[in-house]
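Colleague: Next up, work20.cif (mmCIF, C-alpha atoms and all ligand atoms).
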```cif
data_start
loop_
_atom_site.label_atom_id
_atom_site.label_comp_id
_atom_site.auth_asym_id
_atom_site.auth_seq_id
_atom_site.Cartn_x
_atom_site.Cartn_y
_atom_site.Cartn_z
CA MET P 1 -12.29 27.17 26.93
CA SER P 2 -8.77 27.97 27.93
CA SER P 3 -6.02 26.94 25.62
CA ASP P 4 -2.30 26.58 25.47
CA LYS P 5 -1.30 29.43 23.17
CA THR P 6 1.78 27.85 21.67
CA THR P 7 0.01 24.75 20.38
CA ASN P 8 -3.67 25.84 20.36
CA GLN P 9 -4.60 22.81 22.46
CA PRO P 10 -7.77 22.96 24.54
CA ALA P 11 -7.36 22.06 28.21
CA LEU P 12 -10.11 19.42 27.99
CA GLU P 13 -9.36 15.71 28.28
CA LEU P 14 -10.02 14.54 24.73
CA HIS P 15 -10.57 11.17 23.09
CA SER P 16 -7.88 9.99 20.71
CA ARG P 17 -10.26 10.44 17.76
CA THR P 18 -10.48 14.14 18.54
CA ARG P 19 -6.77 14.50 19.19
CA ALA P 20 -6.02 12.75 15.89
CA VAL P 21 -7.84 15.61 14.16
CA HIS P 22 -6.63 18.61 16.16
CA ALA P 23 -3.62 17.88 18.35
CA GLY P 24 -0.41 19.63 17.43
CA SER P 25 -2.01 22.06 14.99
CA ARG P 26 -0.09 25.32 14.60
CA ARG P 27 -1.48 28.20 12.64
CA SER P 28 0.50 30.90 10.91
CA GLN P 29 -0.46 34.57 10.81
CA TYR P 30 -2.96 33.70 8.04
CA GLY P 31 -5.08 31.50 10.28
CA GLU P 32 -5.24 28.74 7.68
CA MET P 33 -7.72 25.94 8.42
CA ALA P 34 -5.74 23.01 7.03
CA GLU P 35 -2.28 22.23 8.36
CA ALA P 36 0.22 24.24 6.32
CA LEU P 37 2.98 22.53 4.40
CA PHE P 38 6.17 24.40 5.26
CA MET P 39 8.24 23.09 2.38
CA THR P 40 11.42 24.72 3.56
CA GLN P 41 14.68 23.38 4.88
CA GLY P 42 15.97 26.73 6.15
CA PHE P 43 14.67 29.71 8.14
CA VAL P 44 15.57 33.40 7.83
CA TYR P 45 16.89 35.30 10.83
CA ASP P 46 16.19 39.00 11.40
CA SER P 47 19.76 39.62 12.45
CA ALA P 48 23.09 37.94 13.07
CA GLU P 49 22.39 38.24 16.79
CA GLN P 50 19.10 36.36 16.38
CA ALA P 51 20.84 33.59 14.42
CA GLU P 52 23.47 33.28 17.16
CA ALA P 53 20.83 33.21 19.89
CA ARG P 54 18.81 30.55 18.11
CA PHE P 55 21.82 28.25 17.78
CA ILE P 56 22.41 28.60 21.51
CA GLN P 57 18.81 27.84 22.48
CA SER P 58 15.80 27.77 20.15
CA GLY P 59 12.30 28.29 21.51
CA PRO P 60 9.24 26.21 20.59
CA GLU P 61 8.33 28.44 17.62
CA GLU P 62 11.90 28.87 16.44
CA PHE P 63 13.44 26.65 13.79
CA ILE P 64 16.95 26.36 12.38
CA TYR P 65 17.11 23.65 9.76
CA ALA P 66 14.69 20.91 8.66
CA ARG P 67 17.17 18.17 9.56
CA TYR P 68 16.61 19.30 13.16
CA ALA P 69 12.94 20.30 12.98
CA ASN P 70 10.38 21.93 10.71
CA PRO P 71 6.96 23.41 11.62
CA THR P 72 4.99 20.83 9.60
CA SER P 73 7.07 17.95 10.94
CA ARG P 74 6.66 19.38 14.45
CA MET P 75 2.86 19.36 14.07
CA PHE P 76 3.06 15.70 13.15
CA GLU P 77 5.37 14.94 16.08
CA ASP P 78 3.10 16.75 18.53
CA ARG P 79 0.03 14.96 17.20
CA MET P 80 1.72 11.56 17.51
CA ALA P 81 2.93 12.38 21.04
CA SER P 82 -0.60 13.39 21.97
CA LEU P 83 -2.04 10.15 20.58
CA GLU P 84 0.55 7.98 22.31
CA GLY P 85 0.32 10.00 25.53
CA THR P 86 3.99 10.95 25.70
CA GLU P 87 5.58 14.32 26.37
CA ASP P 88 7.37 14.46 23.04
CA ALA P 89 8.15 12.70 19.77
CA PHE P 90 10.68 12.83 16.93
CA ALA P 91 9.56 12.02 13.38
CA THR P 92 11.88 10.13 11.07
CA ALA P 93 12.22 9.32 7.37
CA SER P 94 11.04 5.73 7.90
CA GLY P 95 10.16 3.27 10.60
CA MET P 96 13.64 1.78 10.38
CA ALA P 97 15.26 5.20 10.92
CA ALA P 98 13.21 5.38 14.12
CA VAL P 99 14.24 1.90 15.34
CA ASN P 100 17.89 2.51 14.41
CA GLY P 101 17.82 5.93 16.11
CA VAL P 102 16.54 4.56 19.40
CA LEU P 103 18.83 1.54 19.57
CA MET P 104 21.98 3.37 18.42
CA SER P 105 21.44 6.41 20.62
CA ILE P 106 21.05 4.43 23.84
CA THR P 107 23.87 1.90 23.50
CA LYS P 108 27.64 1.81 23.69
CA PRO P 109 30.09 -1.11 23.47
CA GLY P 110 29.65 -3.54 26.36
CA ASP P 111 25.96 -2.79 26.87
CA HIS P 112 23.41 -5.59 26.99
CA ILE P 113 20.04 -5.71 25.23
CA VAL P 114 17.31 -8.33 25.50
CA SER P 115 15.08 -8.66 22.46
CA ALA P 116 12.20 -10.83 21.36
CA LYS P 117 13.30 -13.03 18.48
CA ALA P 118 10.10 -12.63 16.46
CA LEU P 119 11.07 -9.40 14.72
CA PHE P 120 10.75 -7.63 11.39
CA GLY P 121 13.78 -8.56 9.25
CA SER P 122 15.32 -5.07 9.24
CA CYS P 123 15.07 -4.86 13.04
CA ILE P 124 17.19 -8.02 13.24
CA TYR P 125 19.69 -6.34 10.89
CA ILE P 126 20.01 -3.40 13.31
CA LEU P 127 20.53 -5.68 16.30
CA ASP P 128 23.27 -7.48 14.33
CA LEU P 129 24.82 -4.07 13.68
CA LEU P 130 24.83 -3.35 17.42
CA VAL P 131 26.58 -6.68 18.01
CA LYS P 132 29.21 -5.63 15.47
CA PHE P 133 29.81 -2.52 17.58
CA GLY P 134 30.24 -4.51 20.78
CA VAL P 135 26.72 -4.63 22.19
CA GLU P 136 25.57 -7.97 23.56
CA VAL P 137 22.10 -9.09 22.47
CA THR P 138 20.13 -11.92 24.06
CA TYR P 139 17.09 -13.21 22.16
CA VAL P 140 14.05 -14.62 23.92
CA ASP P 141 10.62 -15.94 23.04
CA GLY P 142 8.71 -12.68 23.49
CA THR P 143 5.54 -14.41 24.68
CA ASP P 144 7.32 -16.17 27.57
CA LEU P 145 7.79 -13.94 30.63
CA ASP P 146 10.06 -16.54 32.27
CA GLN P 147 12.53 -16.21 29.39
CA TRP P 148 12.54 -12.41 29.74
CA LYS P 149 13.14 -12.79 33.46
CA ALA P 150 16.02 -15.21 32.94
CA ALA P 151 17.69 -13.04 30.29
CA LEU P 152 17.52 -9.72 32.16
CA ARG P 153 20.67 -8.68 34.06
CA PRO P 154 21.61 -5.75 36.26
CA ASP P 155 23.58 -4.35 33.29
CA THR P 156 20.74 -4.74 30.75
CA LYS P 157 20.34 -1.39 29.05
CA ALA P 158 17.09 -1.99 27.20
CA VAL P 159 14.52 -4.51 26.08
CA PHE P 160 13.06 -4.43 22.59
CA PHE P 161 10.05 -6.17 21.05
CA GLU P 162 7.12 -5.82 18.68
CA SER P 163 3.88 -5.76 20.72
CA VAL P 164 2.34 -7.87 17.93
CA SER P 165 4.97 -9.66 15.88
CA ASN P 166 5.36 -9.58 12.12
CA PRO P 167 4.26 -11.90 10.52
CA GLY P 168 3.49 -14.51 13.22
CA LEU P 169 1.09 -12.22 15.14
CA GLU P 170 2.39 -13.27 18.56
CA VAL P 171 1.30 -10.81 21.22
CA THR P 172 3.80 -9.74 23.88
CA ASP P 173 2.64 -8.66 27.32
CA ILE P 174 3.88 -5.06 27.49
CA GLU P 175 2.95 -4.64 31.15
CA GLY P 176 4.55 -7.95 32.15
CA VAL P 177 7.82 -7.35 30.31
CA ALA P 178 7.99 -3.73 31.46
CA LYS P 179 7.63 -4.73 35.10
CA LEU P 180 10.51 -7.21 34.84
CA ALA P 181 12.68 -4.81 32.81
CA HIS P 182 12.13 -1.92 35.21
CA GLU P 183 13.26 -4.09 38.12
CA VAL P 184 16.75 -4.05 36.60
CA GLY P 185 16.46 -0.48 35.35
CA ALA P 186 16.25 -1.36 31.64
CA LEU P 187 14.56 0.94 29.15
CA VAL P 188 11.46 -0.63 27.55
CA VAL P 189 11.40 0.01 23.80
CA VAL P 190 8.27 -1.17 21.97
CA ASP P 191 7.68 -1.36 18.22
CA ASN P 192 3.90 -0.88 18.30
CA VAL P 193 3.15 -0.81 14.57
CA PHE P 194 0.55 -3.58 14.39
CA ALA P 195 -1.31 -2.34 17.47
CA THR P 196 -1.42 1.33 16.37
CA PRO P 197 -1.79 4.07 19.03
CA ILE P 198 -5.57 3.64 18.67
CA PHE P 199 -5.72 0.07 20.01
CA SER P 200 -2.85 0.16 22.46
CA ARG P 201 -0.99 3.01 23.99
CA ALA P 202 2.12 1.11 24.89
CA VAL P 203 3.32 3.86 27.23
CA GLU P 204 0.21 3.50 29.39
CA GLN P 205 1.09 -0.20 29.66
CA GLY P 206 4.66 0.44 30.82
CA ALA P 207 6.75 1.16 27.73
CA ASP P 208 9.29 3.98 28.01
CA VAL P 209 9.85 4.51 24.30
CA VAL P 210 7.39 3.64 21.53
CA VAL P 211 8.32 3.38 17.88
CA TYR P 212 5.98 3.43 14.89
CA SER P 213 6.52 2.93 11.21
CA THR P 214 3.96 5.51 10.11
CA THR P 215 4.40 4.14 6.58
CA LYS P 216 1.71 1.69 7.62
CA HIS P 217 -1.65 2.57 9.22
CA VAL P 218 -0.85 6.25 9.87
CA ASP P 219 -0.30 7.12 6.22
CA GLY P 220 -2.96 4.55 5.47
CA GLY P 221 -2.79 4.99 1.72
CA GLY P 222 0.59 3.46 0.95
CA ARG P 223 1.93 6.81 -0.26
CA CYS P 224 5.08 7.55 1.66
CA LEU P 225 7.58 6.38 4.25
CA GLY P 226 7.74 7.74 7.75
CA GLY P 227 8.40 6.86 11.34
CA VAL P 228 8.21 8.32 14.80
CA VAL P 229 9.70 7.78 18.24
CA CYS P 230 7.53 8.76 21.21
CA GLY P 231 8.97 9.22 24.70
CA THR P 232 9.66 11.59 27.55
CA ARG P 233 10.91 15.07 26.68
CA GLN P 234 14.21 14.27 28.34
CA PHE P 235 14.67 11.11 26.26
CA VAL P 236 13.54 12.62 22.95
CA ARG P 237 15.46 15.88 23.21
CA GLU P 238 18.57 14.86 25.14
CA VAL P 239 19.23 11.26 24.07
CA LEU P 240 17.53 10.77 20.72
CA GLU P 241 17.52 14.15 19.00
CA PRO P 242 21.30 14.69 18.99
CA TYR P 243 21.76 11.33 17.25
CA LEU P 244 18.92 11.71 14.76
CA LYS P 245 19.55 15.30 13.80
CA HIS P 246 23.24 14.79 13.16
CA THR P 247 22.82 11.53 11.27
CA GLY P 248 20.10 12.87 8.97
CA ALA P 249 17.08 10.76 9.88
CA ALA P 250 14.54 13.60 9.69
CA ILE P 251 11.22 13.12 7.93
CA SER P 252 10.47 15.18 4.83
CA PRO P 253 7.99 17.99 5.67
CA PHE P 254 5.91 16.80 2.71
CA ASN P 255 5.67 13.29 4.15
CA ALA P 256 4.89 14.69 7.60
CA TRP P 257 2.08 16.72 6.02
CA LEU P 258 0.62 13.61 4.36
CA MET P 259 0.91 11.75 7.68
CA LEU P 260 -0.90 14.56 9.53
CA ASN P 261 -3.78 14.17 7.10
CA GLY P 262 -3.63 10.40 7.46
CA LEU P 263 -3.96 10.74 11.23
CA THR P 264 -7.30 12.53 11.01
CA THR P 265 -8.96 9.28 9.87
CA LEU P 266 -6.69 6.78 11.65
CA ASP P 267 -9.21 5.90 14.36
CA LEU P 268 -12.07 5.32 11.89
CA ARG P 269 -9.90 3.36 9.49
CA VAL P 270 -8.23 0.94 11.90
CA ARG P 271 -11.52 0.17 13.63
CA ALA P 272 -13.20 -0.60 10.30
CA MET P 273 -10.20 -2.68 9.22
CA SER P 274 -10.13 -4.66 12.45
CA ASP P 275 -13.93 -5.29 12.26
CA SER P 276 -13.39 -6.73 8.77
CA ALA P 277 -10.33 -8.68 9.91
CA LEU P 278 -12.42 -10.41 12.58
CA LYS P 279 -15.14 -11.25 10.05
CA LEU P 280 -12.57 -12.58 7.58
CA ALA P 281 -10.77 -14.62 10.25
CA GLN P 282 -14.09 -16.11 11.39
CA ALA P 283 -15.07 -16.89 7.81
CA LEU P 284 -11.77 -18.68 7.15
CA GLU P 285 -11.39 -20.34 10.55
CA ASP P 286 -12.84 -23.72 9.51
CA HIS P 287 -11.73 -23.65 5.89
CA PRO P 288 -10.59 -27.18 4.96
CA LYS P 289 -7.57 -25.86 3.01
CA LEU P 290 -6.11 -24.03 6.00
CA SER P 291 -4.04 -25.73 8.65
CA ARG P 292 -3.84 -22.48 10.65
CA VAL P 293 -5.76 -19.21 10.87
CA VAL P 294 -3.80 -16.91 13.17
CA TYR P 295 -5.68 -13.86 14.40
CA PRO P 296 -5.27 -12.44 17.91
CA GLY P 297 -9.02 -11.70 17.95
CA LEU P 298 -9.99 -15.38 17.65
CA PRO P 299 -10.41 -17.19 20.99
CA ASN P 300 -8.14 -20.01 19.77
CA HIS P 301 -5.15 -17.62 19.51
CA PRO P 302 -2.60 -18.48 22.24
CA GLN P 303 -2.59 -14.86 23.49
CA TYR P 304 -6.28 -14.10 22.91
CA ASP P 305 -6.91 -12.93 26.50
CA LEU P 306 -3.80 -10.76 26.45
CA ALA P 307 -4.75 -9.28 23.06
CA MET P 308 -8.19 -8.36 24.39
CA ARG P 309 -6.71 -6.84 27.54
CA GLN P 310 -3.94 -4.99 25.74
CA MET P 311 -5.67 -3.92 22.49
CA GLY P 312 -9.37 -4.74 22.88
CA THR P 313 -9.26 -6.18 19.36
CA GLY P 314 -7.27 -8.60 17.21
CA SER P 315 -6.12 -5.63 15.10
CA THR P 316 -5.91 -5.50 11.30
CA MET P 317 -3.62 -8.41 10.36
CA ILE P 318 -4.32 -12.12 9.85
CA ALA P 319 -1.99 -15.01 8.98
CA ILE P 320 -3.20 -18.19 7.26
CA ASP P 321 -1.36 -21.37 6.32
CA VAL P 322 -2.26 -23.03 3.01
CA GLY P 323 0.30 -25.82 3.41
CA THR P 324 2.85 -25.40 0.63
CA LYS P 325 4.62 -22.72 -1.38
CA GLU P 326 2.82 -23.92 -4.53
CA GLU P 327 -0.58 -23.55 -2.88
CA ALA P 328 0.44 -20.14 -1.46
CA PHE P 329 1.47 -18.87 -4.90
CA ARG P 330 -1.67 -20.32 -6.49
CA THR P 331 -3.80 -18.52 -3.90
CA LEU P 332 -1.95 -15.22 -4.39
CA ASN P 333 -2.20 -15.43 -8.16
CA ARG P 334 -5.96 -15.96 -8.03
CA LEU P 335 -6.75 -12.96 -5.82
CA GLN P 336 -9.03 -10.45 -7.53
CA ILE P 337 -9.34 -7.68 -4.92
CA ALA P 338 -6.52 -8.05 -2.42
CA LYS P 339 -3.14 -7.12 -3.87
CA ILE P 340 0.11 -9.05 -3.76
CA SER P 341 2.51 -6.68 -2.03
CA ASN P 342 4.47 -6.29 1.19
CA ASN P 343 3.18 -3.10 2.77
CA LEU P 344 0.48 -3.25 5.42
CA GLY P 345 -2.06 -0.96 7.05
CA ASP P 346 -3.10 0.29 3.61
CA ALA P 347 -6.70 1.04 2.57
CA LYS P 348 -6.18 -1.68 -0.01
CA SER P 349 -6.01 -5.24 1.33
CA ILE P 350 -2.59 -6.78 0.80
CA VAL P 351 -1.47 -10.39 0.93
CA THR P 352 2.19 -11.28 1.43
CA HIS P 353 4.13 -14.55 1.26
CA PRO P 354 6.75 -13.84 3.96
CA ALA P 355 8.90 -16.93 3.28
CA THR P 356 9.80 -15.74 -0.23
CA THR P 357 9.68 -11.96 0.30
CA THR P 358 9.96 -10.05 3.60
CA HIS P 359 11.65 -12.92 5.44
CA GLN P 360 13.32 -14.60 2.43
CA ARG P 361 16.85 -14.21 3.75
CA LEU P 362 16.23 -15.78 7.17
CA PRO P 363 17.81 -19.23 7.57
CA GLU P 364 15.24 -22.03 7.26
CA ALA P 365 15.44 -22.98 10.95
CA ASP P 366 14.82 -19.38 12.04
CA LYS P 367 11.84 -19.13 9.70
CA LEU P 368 10.28 -22.24 11.21
CA ALA P 369 10.98 -21.04 14.76
CA LEU P 370 8.98 -17.91 13.92
CA GLY P 371 6.15 -19.87 12.32
CA ILE P 372 7.11 -18.68 8.83
CA THR P 373 6.21 -21.87 7.01
CA ALA P 374 6.21 -22.35 3.23
CA GLY P 375 2.43 -22.02 3.17
CA LEU P 376 2.07 -18.95 5.41
CA LEU P 377 0.29 -15.92 3.95
CA ARG P 378 0.00 -12.62 5.81
CA ILE P 379 -3.14 -10.64 5.13
CA SER P 380 -3.36 -6.91 5.82
CA VAL P 381 -7.08 -6.21 5.87
CA GLY P 382 -8.01 -2.96 4.16
CA LEU P 383 -11.11 -0.83 3.88
CA GLU P 384 -13.01 -2.83 1.27
CA HIS P 385 -16.37 -4.34 2.28
CA ALA P 386 -15.72 -7.41 4.44
CA ASP P 387 -18.06 -9.58 2.37
CA ASP P 388 -16.07 -8.81 -0.79
CA LEU P 389 -12.82 -9.73 0.92
CA ILE P 390 -14.32 -12.97 2.22
CA ALA P 391 -15.56 -13.81 -1.29
CA ASP P 392 -12.14 -12.98 -2.76
CA LEU P 393 -10.24 -15.21 -0.33
CA ARG P 394 -12.80 -18.02 -0.70
CA GLN P 395 -12.53 -18.05 -4.50
CA ALA P 396 -8.74 -17.84 -4.34
CA LEU P 397 -8.65 -20.84 -1.98
CA ALA P 398 -11.18 -22.91 -3.95
CA ASP P 399 -10.01 -26.03 -5.81
C1 LIG P 401 7.29 -1.87 8.44
C2 LIG P 401 7.80 -2.12 9.79
C3 LIG P 401 8.99 -1.51 10.22
C4 LIG P 401 9.83 -0.64 9.32
O1 LIG P 401 9.18 0.49 8.86
P1 LIG P 401 9.60 1.26 7.50
O2 LIG P 401 8.72 2.46 7.51
O3 LIG P 401 9.34 0.32 6.38
O4 LIG P 401 11.04 1.61 7.61
C5 LIG P 401 9.40 -1.77 11.51
N1 LIG P 401 8.70 -2.59 12.34
C6 LIG P 401 7.55 -3.18 11.95
C7 LIG P 401 6.83 -4.06 12.90
C8 LIG P 401 7.06 -2.97 10.66
O5 LIG P 401 5.93 -3.58 10.28
#
```
Show me, as structure tokens, the structure contained in the file I just sent.
Modeller:
Amino acid sequence: MSSDKTTNQPALELHSRTRAVHAGSRRSQYGEMAEALFMTQGFVYDSAEQAEARFIQSGPEEFIYARYANPTSRMFEDRMASLEGTEDAFATASGMAAVNGVLMSITKPGDHIVSAKALFGSCIYILDLLVKFGVEVTYVDGTDLDQWKAALRPDTKAVFFESVSNPGLEVTDIEGVAKLAHEVGALVVVDNVFATPIFSRAVEQGADVVVYSTTKHVDGGGRCLGGVVCGTRQFVREVLEPYLKHTGAAISPFNAWLMLNGLTTLDLRVRAMSDSALKLAQALEDHPKLSRVVYPGLPNHPQYDLAMRQMGTGSTMIAIDVGTKEEAFRTLNRLQIAKISNNLGDAKSIVTHPATTTHQRLPEADKLALGITAGLLRISVGLEHADDLIADLRQALAD
């Protein structure tokens, strides 16, 4: 088996489950089995001449400062790039550092961006920040290709959307939006957190730049924050890296090391979680207390066909509507297994009341437009046995 000496990658075409275990591994002179944690911000040069040369142009095994790059962080970046199928990636301190890095590095005053309106609260904050700096932002219903088409202009710099929205679980057609955006030369930036690189490689479907909060399924244990931007080498190194490395968005090598370990089981975990999510959604579908059970893997979901085409699954998140805030709080307070919290993608199932937590600050009309009703609960399905989760939700919903 031939291999690329710098990254120890076999030349075989590998499944993502295999790449999640091996891709990006670098071994030191000790030949350690596990990925090493290079807990260092600096690197020692053999001579002044070497230091000078490295600042002019550093090679793939040469590092300068952990704000720019670090061997452990680089392993994580290479593994994420391999999973997403991009040439390169840059790891960041959080998912928001990744989103901010992409949007800030590509825009200047006068530029135009089209974005889906169903977005994570902090993403809306960043778009508002761009507006403050003179960028024009047009919001559309992400599920409606006609609205994308109408909003796109010859001067549109980029489009931005979550492939599956938080918390409404609307699915956006990556291929459809990308086709329209590319007609006007706009960069397609996708926040693919809910889909994970296991269910949907957004780049294969037309995205140019894919962003993940690796705080979620990649870490998988709710331990640390992290993010990553995947894209072409030219984009990552020439557009993104200068912005991120000078503004201090780099991931901690320790967090990158935890994320690398998280990745080895990502495929197994998200498949098990999505199997349980389907069972839970089916078990709750006809529950008399629920006016809505939103799960992209149920045939009654408005984008069911698209979800199956794009992800092959409904993924790991469900939203249910219990009617009122009082009923939502009562349900939360009766849960015995699932935890009340606001993370997602964790091994532990988590239930969130978006209207009073993650999306609390949104004006009432905006909440309703995004389906964030007083009774909406978002469920992140974890790794517990599906039957236990079903029993927990049933008893919490009982009279
Ligand atoms: C959590 C999340 C983010 C932000 O990630 P952090 O790691 O918390 O900064 C961005 N987009 C989506 C869709 C998320 O779920």
Colleague: Within 6 Å of ligand LIG 401 (chain P) (counting all atoms listed in the file), which residues show up? I'd like them as a list in words.
Modeller: Ser94, Gly95, Met96, Phe120, Asn166, Val193, Ser213, Thr215, Leu225, Gly226 and Gly227 of chain P
Colleague: When you count all atoms listed in the file, which of these residues is closest to Arg233 of chain P: P:Ser47, P:Thr86, P:Asn70, P:Asn333?
Modeller: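 Of P:Ser47, P:Thr86, P:Asn70, P:Asn333, the one nearest Arg233 of chain P is P:Thr86, counting all atoms listed in the file.
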Colleague: With all atoms listed in the file as the counted atoms, please give the residues lying no more than 12 Å from His359 of chain P, apart from itself and same-chain residues fewer than 5 positions off, as number ranges by chain.
Modeller: P: 118-125, 166-168, 342, 352-354, 364, 366-368, 370-374, 376-378
Colleague: Between P:Leu284, P:Met104, P:Ala307, P:Ala91, which residue has the minimum interatomic distance to Lys132 of chain P, considering only C-alpha atoms?
Modeller: P:Met104
Colleague: What does the structure give for the distance between atom CA of Asn100 of chain P and atom CA of Glu87 of chain P, in Å to one decimal?
Modeller: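 Taking atom CA of Asn100 of chain P and atom CA of Glu87 of chain P, their separation equals 20.8 Å.
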Colleague: Between P:Arg292, P:Arg334, P:His301, P:Arg67, which has the minimum distance to Ala319 of chain P (counting only C-alpha atoms)?
Modeller: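 That would be P:Arg292, the residue with the smallest distance to Ala319 of chain P.
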Colleague: Let me know the centre plus edge lengths, in Å and rounded to one decimal, of a box with edges along x, y and z that contains all listed atoms of segment 211-221 of chain P and is padded by 4 Å on every side, as lines of an AutoDock Vina configuration file.
Modeller:
```
center_x = 2.7
center_y = 4.4
center_z = 9.8
size_x = 19.3
size_y = 13.4
size_z = 24.2
```
Colleague: Give me, as a VMD selection string, all polymer residues having an atom no more than 8 Å from Cys230 of chain P, counting only C-alpha atoms and skipping those fewer than 5 positions away in the same chain.
Modeller: chain P and resid 80 to 81 84 86 to 90 209 to 211 236
Colleague: Can you tell me which residues surround Gly323 of chain P at a distance of at most 7 Å, considering all atoms listed in the file, apart from same-chain residues fewer than 2 positions away, and format the answer as a list in words?
Modeller: Ser291, Asp321, Glu327, Ala374 and Gly375 of chain P
Colleague: Applying 12 Å and all atoms listed in the file, which residues near Ser163 of chain P remain after dropping the ones on its own chain fewer than 3 positions away? List them as a PyMOL selection string.
Modeller: chain P and resi 115-116+118-120+142-143+159-160+166-178+188-197+199-203+205-207+210-212+296+303+306-307+310-311+315
Colleague: For those residues, write C-alpha atoms to a file as a PDB file, in the coordinates of the input.
Modeller:
```pdb
ATOM      1  CA  SER P 115      15.080  -8.660  22.460  1.00  0.00           C
ATOM      2  CA  ALA P 116      12.200 -10.830  21.360  1.00  0.00           C
ATOM      3  CA  ALA P 118      10.100 -12.630  16.460  1.00  0.00           C
ATOM      4  CA  LEU P 119      11.070  -9.400  14.720  1.00  0.00           C
ATOM      5  CA  PHE P 120      10.750  -7.630  11.390  1.00  0.00           C
ATOM      6  CA  GLY P 142       8.710 -12.680  23.490  1.00  0.00           C
ATOM      7  CA  THR P 143       5.540 -14.410  24.680  1.00  0.00           C
ATOM      8  CA  VAL P 159      14.520  -4.510  26.080  1.00  0.00           C
ATOM      9  CA  PHE P 160      13.060  -4.430  22.590  1.00  0.00           C
ATOM     10  CA  ASN P 166       5.360  -9.580  12.120  1.00  0.00           C
ATOM     11  CA  PRO P 167       4.260 -11.900  10.520  1.00  0.00           C
ATOM     12  CA  GLY P 168       3.490 -14.510  13.220  1.00  0.00           C
ATOM     13  CA  LEU P 169       1.090 -12.220  15.140  1.00  0.00           C
ATOM     14  CA  GLU P 170       2.390 -13.270  18.560  1.00  0.00           C
ATOM     15  CA  VAL P 171       1.300 -10.810  21.220  1.00  0.00           C
ATOM     16  CA  THR P 172       3.800  -9.740  23.880  1.00  0.00           C
ATOM     17  CA  ASP P 173       2.640  -8.660  27.320  1.00  0.00           C
ATOM     18  CA  ILE P 174       3.880  -5.060  27.490  1.00  0.00           C
ATOM     19  CA  GLU P 175       2.950  -4.640  31.150  1.00  0.00           C
ATOM     20  CA  GLY P 176       4.550  -7.950  32.150  1.00  0.00           C
ATOM     21  CA  VAL P 177       7.820  -7.350  30.310  1.00  0.00           C
ATOM     22  CA  ALA P 178       7.990  -3.730  31.460  1.00  0.00           C
ATOM     23  CA  VAL P 188      11.460  -0.630  27.550  1.00  0.00           C
ATOM     24  CA  VAL P 189      11.400   0.010  23.800  1.00  0.00           C
ATOM     25  CA  VAL P 190       8.270  -1.170  21.970  1.00  0.00           C
ATOM     26  CA  ASP P 191       7.680  -1.360  18.220  1.00  0.00           C
ATOM     27  CA  ASN P 192       3.900  -0.880  18.300  1.00  0.00           C
ATOM     28  CA  VAL P 193       3.150  -0.810  14.570  1.00  0.00           C
ATOM     29  CA  PHE P 194       0.550  -3.580  14.390  1.00  0.00           C
ATOM     30  CA  ALA P 195      -1.310  -2.340  17.470  1.00  0.00           C
ATOM     31  CA  THR P 196      -1.420   1.330  16.370  1.00  0.00           C
ATOM     32  CA  PRO P 197      -1.790   4.070  19.030  1.00  0.00           C
ATOM     33  CA  PHE P 199      -5.720   0.070  20.010  1.00  0.00           C
ATOM     34  CA  SER P 200      -2.850   0.160  22.460  1.00  0.00           C
ATOM     35  CA  ARG P 201      -0.990   3.010  23.990  1.00  0.00           C
ATOM     36  CA  ALA P 202       2.120   1.110  24.890  1.00  0.00           C
ATOM     37  CA  VAL P 203       3.320   3.860  27.230  1.00  0.00           C
ATOM     38  CA  GLN P 205       1.090  -0.200  29.660  1.00  0.00           C
ATOM     39  CA  GLY P 206       4.660   0.440  30.820  1.00  0.00           C
ATOM     40  CA  ALA P 207       6.750   1.160  27.730  1.00  0.00           C
ATOM     41  CA  VAL P 210       7.390   3.640  21.530  1.00  0.00           C
ATOM     42  CA  VAL P 211       8.320   3.380  17.880  1.00  0.00           C
ATOM     43  CA  TYR P 212       5.980   3.430  14.890  1.00  0.00           C
ATOM     44  CA  PRO P 296      -5.270 -12.440  17.910  1.00  0.00           C
ATOM     45  CA  GLN P 303      -2.590 -14.860  23.490  1.00  0.00           C
ATOM     46  CA  LEU P 306      -3.800 -10.760  26.450  1.00  0.00           C
ATOM     47  CA  ALA P 307      -4.750  -9.280  23.060  1.00  0.00           C
ATOM     48  CA  GLN P 310      -3.940  -4.990  25.740  1.00  0.00           C
ATOM     49  CA  MET P 311      -5.670  -3.920  22.490  1.00  0.00           C
ATOM     50  CA  SER P 315      -6.120  -5.630  15.100  1.00  0.00           C
TER      51      SER P 315
END
```
Colleague: Atom CA of Ala69 of chain P and atom CA of Met39 of chain P, how far apart in Å?
Modeller: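 Between atom CA of Met39 of chain P and atom CA of Ala69 of chain P the gap is 11.9 Å.
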Colleague: When you count only C-alpha atoms, which of these residues is closest to Gly382 of chain P: P:Asn300, P:Ser105, P:Gln57, P:Ser274?
Modeller: P:Ser274
Colleague: Figure out the distance between atom CA of Leu335 of chain P and atom CA of Leu383 of chain P, please, to one decimal in Å.
Modeller: 16.1 Å
Colleague: From the set P:Asp267, P:Glu77, P:Asp346, P:Asp146, which residue has the shortest atom-to-atom contact distance to Arg17 of chain P, counting all atoms listed in the file?
Modeller: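 Checking each candidate against Arg17 of chain P, we get P:Asp267 as the closest.
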